[in-house]
Amino acid sequence: MRRILFESLLRRPLTEPAPALDDPELRALASEMKTRIDAFFGGSLSIRMVDAGSCNGCELEIHALNNPYYDLERFGLKFVASPRHADVLLVTGPVTCNMREALRRTFDATPSPKWVVTAGDCALKGGVFAGSPAIVGGVNEVVPVDLHIPGCPPTPTQLLKGLLALTRGPRGSSPSG
Amino acid sequence: MTIAESFDALDPVADCRPWPRRAVDAAMWSALAESLADGARTLLGLWGDQSSVHMALLGGTSSVAIASLDCVDGGFPSVAAHHPPAARFERAIRDLFGHRPIGAPDERPWLDHGRWPDSAERAAQPYAFLPAIGEGLHQIPVGPVHAGIIEPGHFRFTANGETIVRLEARLGYVHKGVEGLMAGSPLARAAKLAGRCSGDSSVAYSYAFARAVEAALGVEIPERAIWLRALMAELERLANHLGDIGAICNDAAFALMLAHCSALREQVLRANAACFGHRLMMDAIVPGGVAVDLDARGPHILRDLVAKIRKAFPRLVELYDNTASLQDRTVAAGRLDPGLAARFGCGGFIGRASGRAFDARRILAFAPYDHLEFEVPVLTEGDVDARVWVRIREVEQSLGLIEQILVRLPAGDSSTSIGEGSGEGMAIVEGFRGDILVWLRLRDSVVERCHLRDPSWLQWPLLEAAIEGNIVADFPLCNKSFNCSYSGHDL
C-alpha cells in the first residue's frame with residue numbers, strides 16, 4: 001500500500017479540468033437558477049439521486065462522476081444519502097408506475113428550496129420505453145423538472161456540464177416546491 | 001424409462017433453433033419439475049406466452065431443451081411446488097399473462113404492485129412479507145429508494161440486535177414492460193430495447209438477442225462480426241468487474257481500491273468510446289453482425305489499454321490480498337452454500353464462487369469461444385472474498401481473451417443482411433453477471449413474443465440465504481458482492 005500511496009503523491013493527478021459550458025440551451029436554462037442557488041447555498045449543492053426506472057446505464061455514468069477523472073466534489077457538488085439532506089434531486093428513468101409514489105414521496109421529503117434535474121432520454125418522455133402501460137412516461141408528469149440532461153446514457157462530461165451549469169451559469173429564478 | 005427421461009425422445013414441435021422445443025402434457029411437466037428438484041436437470045428459465053408456459057432446461061452438462069405446456073382453464077401445474085427456484089418466475093407469469101400456477105407454494109403477486117392500469121385486484125392488497133417470529137426480533141424496512149447511487153428495490157430485514165435472521169426482497173419497482181413493448185416491434189426497435197434491459201450488460205443482452213434472431217431466421221453472420229462481438233463482451237466484463245472489485249472494497253470502507261479500480265474502469269470505457277463510439281457500447285451489436293466496425297486505430301488503443309491494466313492491476317490485487325482489515329470484512333461474510341447455488345442453477349461469479357463451474361462460454365461453447373483459450377475460475381468458499389477473487393481471475397482471463405481476439409480477428413465484412421422471415425430461436429450468452437437467456441418467436445421479421453431472462457432471477461433469492469446470520473451493517477458489502485440487476489430482473 002505504501003508504494004501505491006507514494007507513487008500517487010509523485011504522479012500528476014488523473015483529474016481533468018472542468019468542461020466548458022458551451023451549450024447555449026443549457027446555459028440559458030441554468031442561468032435562471034444561478035442567482036437563487038448562490039444566495040441559498042453559496043454555490044455548493046447536495047444531490048440526491050433517484051432511479052425511477054432506468055436501465056441502470058445512467059447510474060453507471062453518474063457513478064463515474066465520482067471517479068478520479070471527474071471528481072465531482074471539487075466543484076462543491078456531492079451525492080447525499082437522504083432527500084432530507086438534498087438541494088437537488090437527480091432523477092433517471094421513465095418513471096415506472098411502481099416507482100411513481102416513491103419518487104413523489106422523495107420529492108416531498110426534500111426541503112425547499114429544491115431543484116429537480118433529470119438525466120437520460122427516457123426521463124424526458126419515456127424514451128425507448130414510451131408507450132408501455134407500465135410507465136408514467138416522463139419525470140415531469142410526477143414532479144416539476146428544472147433541468148434536463150439528454151443522452152442514452154449521458155456521458156459523465158454531459159452530466160458534469162449540466163450539474164455545473166446549476167452553480168456556474170450567469171442569472172436566476174425560483175426553485176420548485 | 002421414466003416419464004422425465006422420455007422427454008428427450010419426444011419430437012420437437014416447432015422449428016426452434018438451435019435447441020429443440022417439445023410440447024408436453026401436465027404429467028410430464030410435473031415429472032420434469034421433479035427432475036429439477038432431484039438435480040437431474042437445471043432450470044434455465046420459465047416464462048409465459050399467450051396461452052402456454054415454456055420452461056428451458058439444462059440436462060446433463062450441456063444439453064438444452066424447452067418444454068411447453070398449454071394452459072388448460074388458465075392454469076398450469078406449479079413447478080415451484082417441487083422446485084422452489086421456480087417460484088418468482090411463476091408469480092411473474094401470473095402477473096403478466098394471468099396463467100395461474102396450480103398448487104404454487106407462494107400465491108403473492110411479484111411484478112404487479114397494484115399500480116398498473118390493468119393491475120390485478122389481488123395486487124392492490126398490502127404486500128404480505130413472510131413472517132419471522134421470536135423474542136426480541138425487530139424489522140428494518142429499506143427502500144425502494146436507497147442511500148447510494150443504486151437501483152430501487154425494497155429489502156425487509158428482520159434482525160435480532162445486529163444479526164439478520166431473515167431478509168426478504170421485494171422487487172419489481174423498475175418494471176417497464178420491456179417484453180410487452182417487444183411484442184409487435186420490428187427487429188431494429190426490439191434490438192434497442194434488448195440493449196436497455198440492464199445497462200451494465202447492454203452488450204451481452206444485444207449479443208444474446210442478435211444470436212436468437214439469427215438462430216430463428218437461420219442467418220450466418222460474417223466471421224469478423226463473431227469475433228468483434230466477443231471482443232465487446234470481454235470489454236464489458238472487464239469494465240464491470242473492475243468497477244465491482246473497487247465498489248466492494250469501498251463498501252468495506254477501503255476507498256483507495258475504489259479510486260484505483262474506478263480509474264481503470266474509466267480507461268476501459270474511454271477505449272470503448274474510441275473504438276465503438278459509445279462508452280457502454282450500446283446498440284453496437286445488431287442482428288446480422290455489428291453496427292460499428294473496429295478501425296485501424298482500434299487494435300492499438302485496445303493493446304495499449306490491456307498493457308496499462310496488466311501493469312496496474314496486479315498491484316491492486318496484492319493490496320487487496322495484503323490488507324488484513326479489508327480481508328477481515330470480506331472473508332467468511334455472506335457465505336452462499338454450494339448446494340444452494342447448484343440447486344438454483346446460479347450462474348456468474350456468484351455460482352462460480354460457490355463451486356458451480358458453469359460458464360456459457362465454456363459449457364455451451366458458442367463461437368468464437370470454442371476457438372479461444374481461457375480458464376473458468378471456480379472457488380468453493382462462497383463468501384464475499386471468493387466472489388472478489390473470481391472477479392479478479394476473470395479480469396485476468398478477459399485481458400488474455402482480448403489479446404487473443406486482436407491477434408486472430410479476421411478481415412472482411414462486419415455485418416450481413418438478415419432478410420425477412422419467421423421462426424423461433426433461443427440464445428444463451430455469458431454476460432459479466434452470468435448467463436443471459438433470450439428466446440423469441442418472429443413472424444415476418446416482427447417480434448411476436450420475446451423473453452429475456454436475466455441471471456439475477458436465480459441469484460436474488462440466494463442473497464436472502466447468504467445474508468442470514470450476518471450483521472445488518474454487512475448487507476451493503478454482501479449485496480455489492482452479488483451485484484444483481486434490478487432492471488434486468490424487473491424488465
# chains A, B, ... in the order shown; residues from 1 in each chain; ligands from 1
>>> interface_residues(of="chain A", to="chain B", cutoff="9 Å", atoms="only C-alpha atoms", output="ChimeraX atom specification")
/A:1,4-5,14,48-60,62-64,66-69,79-82,93-100,102-103,106,128-135,152-153,155
>>> residues_around(residues="Phe75 in chain A", least_positions_apart="3", cutoff="8 Å", atoms="only C-alpha atoms", output="list of chain:residue names")
A:Ser44, A:Leu72, A:Leu164
>>> residues_around(residues="Asp293 in chain B", least_positions_apart="4", cutoff="8 Å", atoms="only C-alpha atoms", output="PDB file with N, CA and C atoms, in the first residue's frame")
ATOM      1  N   LEU B 228     -15.746  -9.761 -33.266  1.00  0.00           N
ATOM      2  CA  LEU B 228     -15.919  -8.423 -32.682  1.00  0.00           C
ATOM      3  C   LEU B 228     -16.919  -8.453 -31.525  1.00  0.00           C
ATOM      4  N   PHE B 276     -15.658   1.956 -30.414  1.00  0.00           N
ATOM      5  CA  PHE B 276     -17.006   1.576 -30.839  1.00  0.00           C
ATOM      6  C   PHE B 276     -18.019   2.718 -30.728  1.00  0.00           C
ATOM      7  N   SER B 414     -18.449  -6.809 -41.607  1.00  0.00           N
ATOM      8  CA  SER B 414     -18.793  -6.920 -40.191  1.00  0.00           C
ATOM      9  C   SER B 414     -20.301  -7.065 -39.989  1.00  0.00           C
TER      10      SER B 414
END
>>> residues_around(residues="range 363-374 of chain B", least_positions_apart="4", cutoff="12 Å", atoms="only C-alpha atoms", output="ChimeraX atom specification")
/B:18-19,58-64,207-208,211,220-231,233-234,347,356-359,393-410,427-430,435
>>> residues_around(residues="His138 in chain B", least_positions_apart="6", cutoff="12 Å", atoms="only C-alpha atoms", output="number ranges by chain")
B: 131-132, 156-167, 472
>>> write_last_selection(atoms="N, CA, C and O atoms", output="PDB file, in the first residue's frame")
ATOM      1  N   PRO B 131     -43.416 -14.013   7.552  1.00  0.00           N
ATOM      2  CA  PRO B 131     -43.256 -13.692   8.972  1.00  0.00           C
ATOM      3  C   PRO B 131     -41.950 -14.250   9.562  1.00  0.00           C
ATOM      4  O   PRO B 131     -41.405 -15.222   9.051  1.00  0.00           O
ATOM      5  N   ALA B 132     -41.478 -13.596  10.574  1.00  0.00           N
ATOM      6  CA  ALA B 132     -40.378 -14.134  11.379  1.00  0.00           C
ATOM      7  C   ALA B 132     -40.800 -13.920  12.817  1.00  0.00           C
ATOM      8  O   ALA B 132     -41.093 -12.797  13.215  1.00  0.00           O
ATOM      9  N   ARG B 156     -36.667  -6.099   3.293  1.00  0.00           N
ATOM     10  CA  ARG B 156     -37.264  -6.149   4.615  1.00  0.00           C
ATOM     11  C   ARG B 156     -36.389  -7.045   5.491  1.00  0.00           C
ATOM     12  O   ARG B 156     -36.325  -8.257   5.296  1.00  0.00           O
ATOM     13  N   PHE B 157     -35.676  -6.410   6.419  1.00  0.00           N
ATOM     14  CA  PHE B 157     -34.811  -7.171   7.320  1.00  0.00           C
ATOM     15  C   PHE B 157     -35.555  -7.472   8.605  1.00  0.00           C
ATOM     16  O   PHE B 157     -36.229  -6.601   9.153  1.00  0.00           O
ATOM     17  N   THR B 158     -35.420  -8.680   9.079  1.00  0.00           N
ATOM     18  CA  THR B 158     -35.832  -8.966  10.451  1.00  0.00           C
ATOM     19  C   THR B 158     -34.546  -9.295  11.192  1.00  0.00           C
ATOM     20  O   THR B 158     -33.774 -10.165  10.760  1.00  0.00           O
ATOM     21  N   ALA B 159     -34.281  -8.558  12.262  1.00  0.00           N
ATOM     22  CA  ALA B 159     -32.999  -8.698  12.951  1.00  0.00           C
ATOM     23  C   ALA B 159     -33.205  -8.947  14.434  1.00  0.00           C
ATOM     24  O   ALA B 159     -34.227  -8.573  15.014  1.00  0.00           O
ATOM     25  N   ASN B 160     -32.210  -9.608  14.985  1.00  0.00           N
ATOM     26  CA  ASN B 160     -32.169  -9.759  16.431  1.00  0.00           C
ATOM     27  C   ASN B 160     -30.927  -9.006  16.880  1.00  0.00           C
ATOM     28  O   ASN B 160     -29.806  -9.482  16.697  1.00  0.00           O
ATOM     29  N   GLY B 161     -31.116  -7.787  17.394  1.00  0.00           N
ATOM     30  CA  GLY B 161     -29.969  -6.922  17.643  1.00  0.00           C
ATOM     31  C   GLY B 161     -29.353  -6.587  16.293  1.00  0.00           C
ATOM     32  O   GLY B 161     -30.035  -6.109  15.398  1.00  0.00           O
ATOM     33  N   GLU B 162     -28.075  -6.868  16.126  1.00  0.00           N
ATOM     34  CA  GLU B 162     -27.386  -6.582  14.862  1.00  0.00           C
ATOM     35  C   GLU B 162     -27.549  -7.698  13.841  1.00  0.00           C
ATOM     36  O   GLU B 162     -27.303  -7.518  12.660  1.00  0.00           O
ATOM     37  N   THR B 163     -27.915  -8.888  14.325  1.00  0.00           N
ATOM     38  CA  THR B 163     -27.866 -10.051  13.440  1.00  0.00           C
ATOM     39  C   THR B 163     -29.142 -10.240  12.633  1.00  0.00           C
ATOM     40  O   THR B 163     -30.250 -10.199  13.173  1.00  0.00           O
ATOM     41  N   ILE B 164     -28.963 -10.455  11.333  1.00  0.00           N
ATOM     42  CA  ILE B 164     -30.117 -10.648  10.459  1.00  0.00           C
ATOM     43  C   ILE B 164     -30.619 -12.087  10.597  1.00  0.00           C
ATOM     44  O   ILE B 164     -29.849 -13.039  10.425  1.00  0.00           O
ATOM     45  N   VAL B 165     -31.890 -12.238  10.913  1.00  0.00           N
ATOM     46  CA  VAL B 165     -32.455 -13.589  10.951  1.00  0.00           C
ATOM     47  C   VAL B 165     -33.246 -13.879   9.685  1.00  0.00           C
ATOM     48  O   VAL B 165     -33.403 -15.029   9.290  1.00  0.00           O
ATOM     49  N   ARG B 166     -33.762 -12.836   9.036  1.00  0.00           N
ATOM     50  CA  ARG B 166     -34.417 -13.055   7.756  1.00  0.00           C
ATOM     51  C   ARG B 166     -34.346 -11.782   6.925  1.00  0.00           C
ATOM     52  O   ARG B 166     -34.554 -10.684   7.428  1.00  0.00           O
ATOM     53  N   LEU B 167     -34.040 -11.974   5.651  1.00  0.00           N
ATOM     54  CA  LEU B 167     -34.133 -10.883   4.691  1.00  0.00           C
ATOM     55  C   LEU B 167     -35.114 -11.313   3.624  1.00  0.00           C
ATOM     56  O   LEU B 167     -35.066 -12.453   3.158  1.00  0.00           O
ATOM     57  N   VAL B 472     -26.445  -6.502  10.062  1.00  0.00           N
ATOM     58  CA  VAL B 472     -27.094  -5.586   9.138  1.00  0.00           C
ATOM     59  C   VAL B 472     -26.056  -4.717   8.416  1.00  0.00           C
ATOM     60  O   VAL B 472     -26.151  -4.470   7.221  1.00  0.00           O
TER      61      VAL B 472
END
>>> closest_residue(among="A:Arg11, A:His148, A:Arg3, A:Lys114", to="Asp87 in chain A", atoms="only C-alpha atoms")
A:Lys114
>>> atom_distance(atom1="CA of Arg310 in chain B", atom2="CA of Ile392 in chain B")
11.9 Å
>>> atom_distance(atom1="CA of Ala80 in chain B", atom2="CA of His54 in chain B")
14.0 Å
>>> closest_residue(among="A:Leu163, A:Leu9, A:Ala109, A:Val145", to="Leu124 in chain A", atoms="only C-alpha atoms")
A:Val145
